[in-house]
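Heads up, upload.txt below (compact mmCIF, C-alpha atoms and all ligand atoms):
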# COMPACT_ATOMS: atom_id res chain seq x y z
CA ALA T 1 13.10 135.71 64.44
CA LYS T 2 11.54 135.36 67.85
CA GLU T 3 13.11 138.70 68.90
CA ALA T 4 11.82 140.46 65.80
CA GLY T 5 8.37 139.05 66.43
CA ARG T 6 8.32 140.52 69.90
CA ASP T 7 9.46 143.94 68.66
CA THR T 8 6.85 143.95 65.92
CA LEU T 9 4.14 143.24 68.45
CA ARG T 10 5.23 146.23 70.52
CA PHE T 11 4.67 148.57 67.62
CA PHE T 12 1.00 147.73 67.59
CA ASP T 13 0.56 149.06 71.11
CA PRO T 14 0.50 152.86 70.71
CA ALA T 15 0.71 153.56 74.45
CA MET T 16 3.77 151.42 74.83
CA GLN T 17 5.33 152.86 71.72
CA ALA T 18 4.84 156.39 73.04
CA GLN T 19 6.43 155.36 76.30
CA LEU T 20 9.43 153.83 74.52
CA GLN T 21 9.83 156.95 72.44
CA ARG T 22 9.71 159.19 75.48
CA ARG T 23 12.33 157.05 77.15
CA ALA T 24 14.63 157.07 74.13
CA GLN T 25 14.33 160.86 73.91
CA LEU T 26 15.04 161.24 77.62
CA GLU T 27 18.10 159.05 77.26
CA ALA T 28 19.39 161.09 74.32
CA ASP T 29 18.84 164.30 76.32
CA LEU T 30 20.54 162.79 79.37
CA ARG T 31 23.68 162.16 77.30
CA GLN T 32 23.84 165.90 76.60
CA ALA T 33 22.87 167.14 80.03
CA LEU T 34 26.36 167.23 81.55
CA SER T 35 27.98 169.14 78.70
CA ARG T 36 25.01 171.51 78.62
CA ASP T 37 25.38 172.18 82.34
CA GLU T 38 21.77 171.20 83.13
CA PHE T 39 22.35 169.51 86.49
CA ARG T 40 21.84 171.27 89.82
CA LEU T 41 22.39 170.18 93.38
CA TYR T 42 19.69 170.88 95.94
CA TYR T 43 20.29 170.50 99.65
CA GLN T 44 17.98 169.15 102.32
CA PRO T 45 18.85 170.01 105.94
CA GLN T 46 19.45 167.29 108.51
CA MET T 47 18.54 168.27 112.05
CA GLY T 48 19.70 167.21 115.50
CA ALA T 49 17.45 166.43 118.47
CA ASP T 50 17.48 170.00 119.82
CA GLY T 51 16.52 171.50 116.49
CA GLN T 52 19.93 172.59 115.25
CA MET T 53 21.04 171.90 111.70
CA ILE T 54 23.80 169.26 111.67
CA GLY T 55 24.22 168.63 107.98
CA ALA T 56 22.56 168.35 104.60
CA GLU T 57 21.93 165.78 101.90
CA ALA T 58 22.81 166.75 98.34
CA LEU T 59 19.98 165.78 95.94
CA LEU T 60 20.41 165.93 92.20
CA ARG T 61 18.06 167.91 89.95
CA TRP T 62 17.95 168.03 86.18
CA ALA T 63 16.83 171.33 84.71
CA HIS T 64 15.59 170.04 81.36
CA PRO T 65 15.25 172.82 78.75
CA ALA T 66 11.76 171.68 77.67
CA ARG T 67 10.37 169.64 80.55
CA GLY T 68 11.52 171.74 83.49
CA MET T 69 12.83 169.98 86.57
CA VAL T 70 12.98 166.22 85.95
CA SER T 71 12.84 164.14 89.13
CA PRO T 72 15.81 161.93 89.95
CA GLY T 73 13.34 159.09 90.44
CA GLU T 74 12.84 159.29 86.68
CA PHE T 75 16.36 159.74 85.32
CA ILE T 76 18.65 158.04 87.88
CA PRO T 77 17.39 154.51 87.08
CA LEU T 78 17.93 155.29 83.38
CA ALA T 79 21.43 156.63 84.08
CA GLU T 80 22.21 153.50 86.08
CA GLU T 81 21.16 151.25 83.20
CA ASN T 82 23.31 152.96 80.59
CA ARG T 83 26.19 153.76 82.97
CA LEU T 84 25.85 157.52 82.52
CA ILE T 85 25.61 157.49 86.30
CA VAL T 86 29.41 157.22 86.46
CA PRO T 87 30.16 160.65 84.92
CA ILE T 88 27.00 162.17 86.44
CA GLY T 89 27.91 160.85 89.88
CA GLY T 90 31.41 162.25 89.39
CA TRP T 91 29.90 165.67 88.73
CA VAL T 92 27.78 165.35 91.90
CA LEU T 93 30.80 164.51 94.04
CA GLU T 94 32.91 167.28 92.56
CA THR T 95 30.16 169.88 93.02
CA ALA T 96 29.33 168.71 96.56
CA CYS T 97 32.99 168.73 97.62
CA ARG T 98 33.52 172.22 96.23
CA GLN T 99 30.54 173.32 98.31
CA LEU T 100 31.85 171.55 101.39
CA ALA T 101 35.19 173.31 101.04
CA ALA T 102 33.37 176.67 100.90
CA TRP T 103 31.34 175.85 104.05
CA VAL T 104 34.49 175.26 106.08
CA ARG T 105 35.40 178.91 105.52
CA ASP T 106 31.96 180.12 106.68
CA PRO T 107 31.49 180.18 110.48
CA ALA T 108 27.73 179.50 110.17
CA MET T 109 28.29 176.36 108.06
CA ALA T 110 31.65 175.15 109.33
CA ASP T 111 30.41 172.14 111.32
CA LEU T 112 28.01 170.69 108.76
CA THR T 113 28.34 167.23 107.27
CA LEU T 114 27.41 166.82 103.61
CA SER T 115 25.78 163.53 102.58
CA VAL T 116 26.08 162.44 98.96
CA ASN T 117 24.22 159.55 97.29
CA VAL T 118 26.35 157.04 95.44
CA SER T 119 24.86 154.44 93.06
CA PRO T 120 26.15 150.87 93.22
CA GLU T 121 27.30 151.11 89.57
CA GLN T 122 29.35 154.16 90.46
CA PHE T 123 30.73 152.72 93.70
CA ARG T 124 31.84 149.52 91.95
CA GLU T 125 34.08 151.35 89.45
CA PRO T 126 37.60 150.13 90.21
CA GLU T 127 38.87 153.70 90.50
CA PHE T 128 36.04 155.00 92.69
CA ALA T 129 38.05 155.37 95.91
CA GLU T 130 41.06 156.98 94.24
CA ARG T 131 38.90 159.34 92.17
CA THR T 132 36.99 160.43 95.25
CA LEU T 133 40.19 161.04 97.19
CA ALA T 134 41.52 163.07 94.25
CA ILE T 135 38.35 165.21 94.27
CA LEU T 136 38.70 165.79 98.01
CA ALA T 137 42.34 166.82 97.59
CA ARG T 138 41.63 169.05 94.60
CA THR T 139 38.71 170.88 96.19
CA GLY T 140 40.19 171.08 99.68
CA ALA T 141 37.01 169.59 101.23
CA PRO T 142 37.64 167.94 104.62
CA PRO T 143 37.08 164.17 104.11
CA SER T 144 35.59 163.75 107.59
CA ARG T 145 32.64 166.00 106.62
CA LEU T 146 31.77 163.94 103.57
CA LYS T 147 29.26 161.15 104.17
CA LEU T 148 28.59 158.74 101.32
CA GLU T 149 25.10 157.23 101.23
CA VAL T 150 25.03 153.67 99.90
CA THR T 151 22.19 151.16 99.72
CA GLU T 152 21.88 147.53 100.74
CA SER T 153 21.89 146.41 97.09
CA LEU T 154 25.59 147.29 96.91
CA PHE T 155 26.46 144.47 99.28
CA VAL T 156 24.50 141.66 97.70
CA HIS T 157 27.16 140.62 95.19
CA ASP T 158 30.72 141.92 95.48
CA ARG T 159 30.80 142.40 99.20
CA ASP T 160 34.59 142.15 99.50
CA GLU T 161 35.39 144.72 96.81
CA SER T 162 32.86 147.15 98.25
CA ARG T 163 34.22 146.70 101.73
CA GLU T 164 37.74 147.34 100.45
CA THR T 165 36.59 150.57 98.74
CA MET T 166 34.92 151.68 101.97
CA ARG T 167 38.01 150.84 103.99
CA ARG T 168 40.25 152.85 101.64
CA LEU T 169 38.01 155.93 101.94
CA LYS T 170 37.60 155.55 105.69
CA GLU T 171 41.38 155.64 106.12
CA HIS T 172 41.04 159.26 105.05
CA GLY T 173 38.09 160.00 107.31
CA VAL T 174 35.17 159.69 104.87
CA THR T 175 32.04 158.31 106.61
CA PHE T 176 29.23 156.07 105.35
CA ALA T 177 25.47 155.95 105.75
CA LEU T 178 23.28 153.00 104.79
CA ASP T 179 20.34 154.60 102.95
CA ASP T 180 16.74 153.33 102.81
CA PHE T 181 17.44 150.91 105.63
CA GLY T 182 14.98 148.03 105.81
CA THR T 183 13.71 148.21 102.23
CA GLY T 184 16.41 146.13 100.54
CA TYR T 185 17.71 142.64 100.95
CA SER T 186 18.15 143.12 104.67
CA SER T 187 20.65 140.57 105.73
CA LEU T 188 21.64 142.02 109.07
CA SER T 189 25.03 140.30 108.92
CA TYR T 190 26.55 143.10 106.85
CA LEU T 191 25.90 145.55 109.66
CA LYS T 192 28.56 143.66 111.57
CA ARG T 193 31.05 143.36 108.74
CA LEU T 194 30.88 146.74 107.05
CA PRO T 195 32.44 149.92 108.41
CA LEU T 196 29.20 151.93 108.50
CA ASP T 197 28.66 155.10 110.53
CA GLN T 198 24.94 155.78 110.12
CA LEU T 199 21.66 154.02 109.35
CA LYS T 200 18.97 156.03 107.60
CA ILE T 201 15.51 154.72 108.43
CA ASP T 202 13.52 154.70 105.21
CA GLN T 203 10.72 157.21 104.84
CA SER T 204 8.12 154.51 104.15
CA PHE T 205 8.39 153.36 107.79
CA VAL T 206 8.39 156.90 109.16
CA ARG T 207 5.31 157.83 107.13
CA ASP T 208 3.21 155.04 108.66
CA LEU T 209 4.72 155.25 112.12
CA LEU T 210 1.69 156.56 113.97
CA GLU T 211 -0.95 154.51 112.12
CA ASP T 212 0.73 151.17 111.69
CA GLU T 213 2.05 149.03 114.53
CA ALA T 214 4.40 147.06 112.32
CA SER T 215 6.10 150.22 111.05
CA ALA T 216 6.39 151.52 114.60
CA ALA T 217 7.97 148.24 115.73
CA ILE T 218 10.45 148.30 112.82
CA VAL T 219 11.47 151.89 113.55
CA ALA T 220 11.81 151.29 117.30
CA SER T 221 13.98 148.19 116.72
CA THR T 222 16.12 149.97 114.12
CA ILE T 223 16.82 152.77 116.59
CA ALA T 224 17.66 150.25 119.33
CA LEU T 225 19.84 148.23 116.96
CA SER T 226 21.75 151.31 115.83
CA ARG T 227 22.40 152.37 119.37
CA SER T 228 23.69 148.98 120.43
CA LEU T 229 25.93 148.79 117.36
CA GLN T 230 27.05 152.37 118.06
CA LEU T 231 25.82 153.63 114.72
CA GLU T 232 24.21 157.01 114.27
CA VAL T 233 20.58 156.75 113.24
CA LEU T 234 18.66 159.27 111.13
CA ALA T 235 14.95 159.17 110.34
CA GLU T 236 14.03 160.22 106.79
CA GLY T 237 10.76 161.66 105.58
CA VAL T 238 9.73 163.29 108.89
CA GLU T 239 6.71 165.40 108.00
CA THR T 240 4.90 166.07 111.27
CA GLU T 241 5.70 167.25 114.76
CA ALA T 242 3.98 164.12 116.12
CA GLN T 243 6.36 161.88 114.17
CA ARG T 244 9.33 163.86 115.43
CA ALA T 245 8.13 163.63 119.04
CA TRP T 246 7.63 159.86 118.74
CA LEU T 247 11.09 159.42 117.24
CA ILE T 248 12.74 161.51 119.97
CA ALA T 249 10.90 159.53 122.66
CA HIS T 250 12.33 156.36 121.10
CA GLY T 251 15.91 157.66 121.08
CA CYS T 252 16.38 158.89 117.52
CA GLU T 253 18.85 161.76 117.33
CA ALA T 254 18.83 162.95 113.73
CA PHE T 255 16.02 163.88 111.35
CA GLN T 256 15.35 164.91 107.80
CA GLY T 257 12.07 165.74 106.13
CA TYR T 258 9.54 168.29 104.95
CA LEU T 259 8.78 169.20 108.60
CA PHE T 260 12.11 171.06 108.58
CA SER T 261 12.62 171.81 104.91
CA ARG T 262 12.25 170.47 101.42
CA PRO T 263 15.44 170.13 99.37
CA VAL T 264 16.37 173.71 98.41
CA PRO T 265 18.97 175.51 96.30
CA LEU T 266 22.13 176.51 98.10
CA GLU T 267 21.13 180.12 98.84
CA GLU T 268 18.02 178.98 100.72
CA LEU T 269 19.97 176.40 102.71
CA ALA T 270 22.22 179.11 104.08
CA ALA T 271 19.10 180.94 105.32
CA THR T 272 17.80 177.79 107.07
CA CYS T 273 21.15 177.34 108.72
CA GLN T 274 21.28 180.92 109.97
CA ALA T 275 17.80 180.52 111.44
CA THR T 276 18.69 177.56 113.69
P1 LIG O 301 16.80 159.23 98.72
O1 LIG O 301 18.28 159.21 98.74
O2 LIG O 301 16.09 158.27 99.60
O3 LIG O 301 16.40 160.74 99.02
C1 LIG O 301 15.28 161.12 99.76
C2 LIG O 301 14.12 161.51 98.87
O4 LIG O 301 12.99 161.78 99.69
C3 LIG O 301 14.39 162.78 98.08
O5 LIG O 301 13.70 162.66 96.85
C4 LIG O 301 13.73 163.84 98.96
O6 LIG O 301 13.35 165.00 98.24
C5 LIG O 301 12.54 163.09 99.46
N1 LIG O 301 12.05 163.60 100.75
C6 LIG O 301 12.75 164.23 101.72
N2 LIG O 301 11.98 164.54 102.78
C7 LIG O 301 10.75 164.07 102.50
C8 LIG O 301 9.49 164.08 103.22
O7 LIG O 301 9.38 164.57 104.35
N3 LIG O 301 8.43 163.48 102.61
C9 LIG O 301 8.53 162.91 101.37
N4 LIG O 301 7.44 162.37 100.84
N5 LIG O 301 9.70 162.90 100.66
C10 LIG O 301 10.79 163.46 101.22
P2 LIG O 301 14.39 163.09 95.48
O8 LIG O 301 15.23 164.32 95.68
O9 LIG O 301 13.32 163.10 94.45
O10 LIG O 301 15.39 161.90 95.19
C11 LIG O 301 14.89 160.60 94.92
C12 LIG O 301 16.01 159.59 94.92
O11 LIG O 301 16.91 159.82 93.81
C13 LIG O 301 16.90 159.63 96.14
O12 LIG O 301 16.27 158.97 97.21
C14 LIG O 301 18.13 158.92 95.63
O13 LIG O 301 17.95 157.53 95.68
C15 LIG O 301 18.18 159.37 94.20
N6 LIG O 301 19.16 160.47 94.07
C16 LIG O 301 19.00 161.80 94.27
N7 LIG O 301 20.15 162.47 94.04
C17 LIG O 301 21.07 161.54 93.71
C18 LIG O 301 22.47 161.58 93.36
O14 LIG O 301 23.14 162.64 93.35
N8 LIG O 301 23.06 160.39 93.06
C19 LIG O 301 22.38 159.20 93.07
N9 LIG O 301 23.04 158.09 92.77
N10 LIG O 301 21.09 159.12 93.41
C20 LIG O 301 20.44 160.27 93.73
CA CA O 302 19.83 159.33 100.22
CA CA O 303 16.66 157.39 101.52
CA CA O 304 16.16 155.94 97.71

Transcribe the structure of this file into structure tokens.
Ligand code: C2E
Ligand code: CA
Ligand code: CA
Ligand code: CA
Amino acid sequence: AKEAGRDTLRFFDPAMQAQLQRRAQLEADLRQALSRDEFRLYYQPQMGADGQMIGAEALLRWAHPARGMVSPGEFIPLAEENRLIVPIGGWVLETACRQLAAWVRDPAMADLTLSVNVSPEQFREPEFAERTLAILARTGAPPSRLKLEVTESLFVHDRDESRETMRRLKEHGVTFALDDFGTGYSSLSYLKRLPLDQLKIDQSFVRDLLEDEASAAIVASTIALSRSLQLEVLAEGVETEAQRAWLIAHGCEAFQGYLFSRPVPLEELAATCQAT
């Protein structure tokens, strides 16, 4: 009765009701999106210190028939709640690996690493490692060029299972980046225990770098920490030449952000790569 009371109350708030309806519709559409072939992968270049392109991050886009491009910030949390992220994430990996296999055959793209985001819900599937290895084998993508981006939230609960999944994939050469570093639960102890290859400094710190001393201190220490742990470090969200110069002066060696390129469809990525 208490539950019903709460639901009844909601119906008297038109704004909230509209929001719930929009969400329910989005969820229904999301269930159809895979079979209707509405997902696209965009690619954002990752650059080295001397301006060459070293890799790219695959970023998911949903070409909704009525709403146009829906941002992943809107539909990924929804897909994580209702577990649609498992099949959607499978599509992302399959598509990214097919692309990676094609790059190996192209002299201009042959050395690039492709970074792919993996949600905790997807990573925790018992078959995640074996499915990913099967995709690599099926597509012919070289495992050592695939970098999986995971977030700190993955390691809060089932640390042992996640570490085992990472270990299994690393046996085959797959590498790992810790995404959004510094924004999560930040227990530094997992940096010691997990087989990570790269830290990605979150864009919120990079954005405020030149105006805010605390952000600058966090970025400088993250770079120093990465170097002493022998992890690669990449700064996300680099938008200005001044930010890039500061990061280089502090020892950062990899960069991603609008300064170089927004996420673009595949054809445009090839052009960026040729230009560097
Ligand atoms: P993320 O992994 O932290 O990705 C970086 C986000 O920052 C991307 O947003 C990118 O477009 C944006 N960005 C890149 N450079 C700049 C910059 O210089 N300035 C600013 N302001 N933003 C920049 P996007 O593509 O909207 O993706 C949002 C989030 O959605 C991602 O954050 C990631 O958490 C999630 N996501 C995207 N694709 C996938 C996917 O295939 N699987 C999963 N599980 N999550 C994904
Ligand atoms: Ca990412
Ligand atoms: Ca990030
Ligand atoms: Ca993120």

Mind pulling up the distance from CA of Leu196 in chain T to CA of Thr175 in chain T? 7.2 Å

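You will find atom N8 of ligand LIG 301 (chain O) at 17.3 Å from CA of Ser162 in chain T.
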
Cut-off 8 Å around (19.9, 167.8, 96.0) with only C-alpha atoms: residues as a list in words: Arg40, Leu41, Tyr42, Tyr43, Gln44, Glu57, Ala58, Leu59, Leu60, Arg61, Pro263, Val264 and Pro265 of chain T

Can you list every residue of chain T that has an atom at most 9 Å from ligand CA 302 (chain O), with its nearest atom pair and the distance in Å to one decimal, using all atoms listed in the file, ordered by chain then number, as a tab-separated table?
residue	atom	partner	partner_atom	distance
T:Glu57	CA	O:CA302	CA	7.0
T:Ala58	CA	O:CA302	CA	8.2
T:Leu59	CA	O:CA302	CA	7.7
T:Ser115	CA	O:CA302	CA	7.7
T:Val116	CA	O:CA302	CA	7.1
T:Asn117	CA	O:CA302	CA	5.3
T:Val118	CA	O:CA302	CA	8.4
T:Leu148	CA	O:CA302	CA	8.8
T:Glu149	CA	O:CA302	CA	5.8
T:Val150	CA	O:CA302	CA	7.7
T:Thr151	CA	O:CA302	CA	8.5
T:Ala177	CA	O:CA302	CA	8.6
T:Leu178	CA	O:CA302	CA	8.5
T:Asp179	CA	O:CA302	CA	5.5
T:Asp180	CA	O:CA302	CA	7.2
T:Lys200	CA	O:CA302	CA	8.1
T:Glu236	CA	O:CA302	CA	8.8

Quick one: residues within 12 Å of Asn82 in chain T, all atoms listed in the file counted, chain neighbours fewer than 5 positions away excluded, as a PyMOL selection string? chain T and resi 24+27-28+30-31+75-77+87-88+121-122
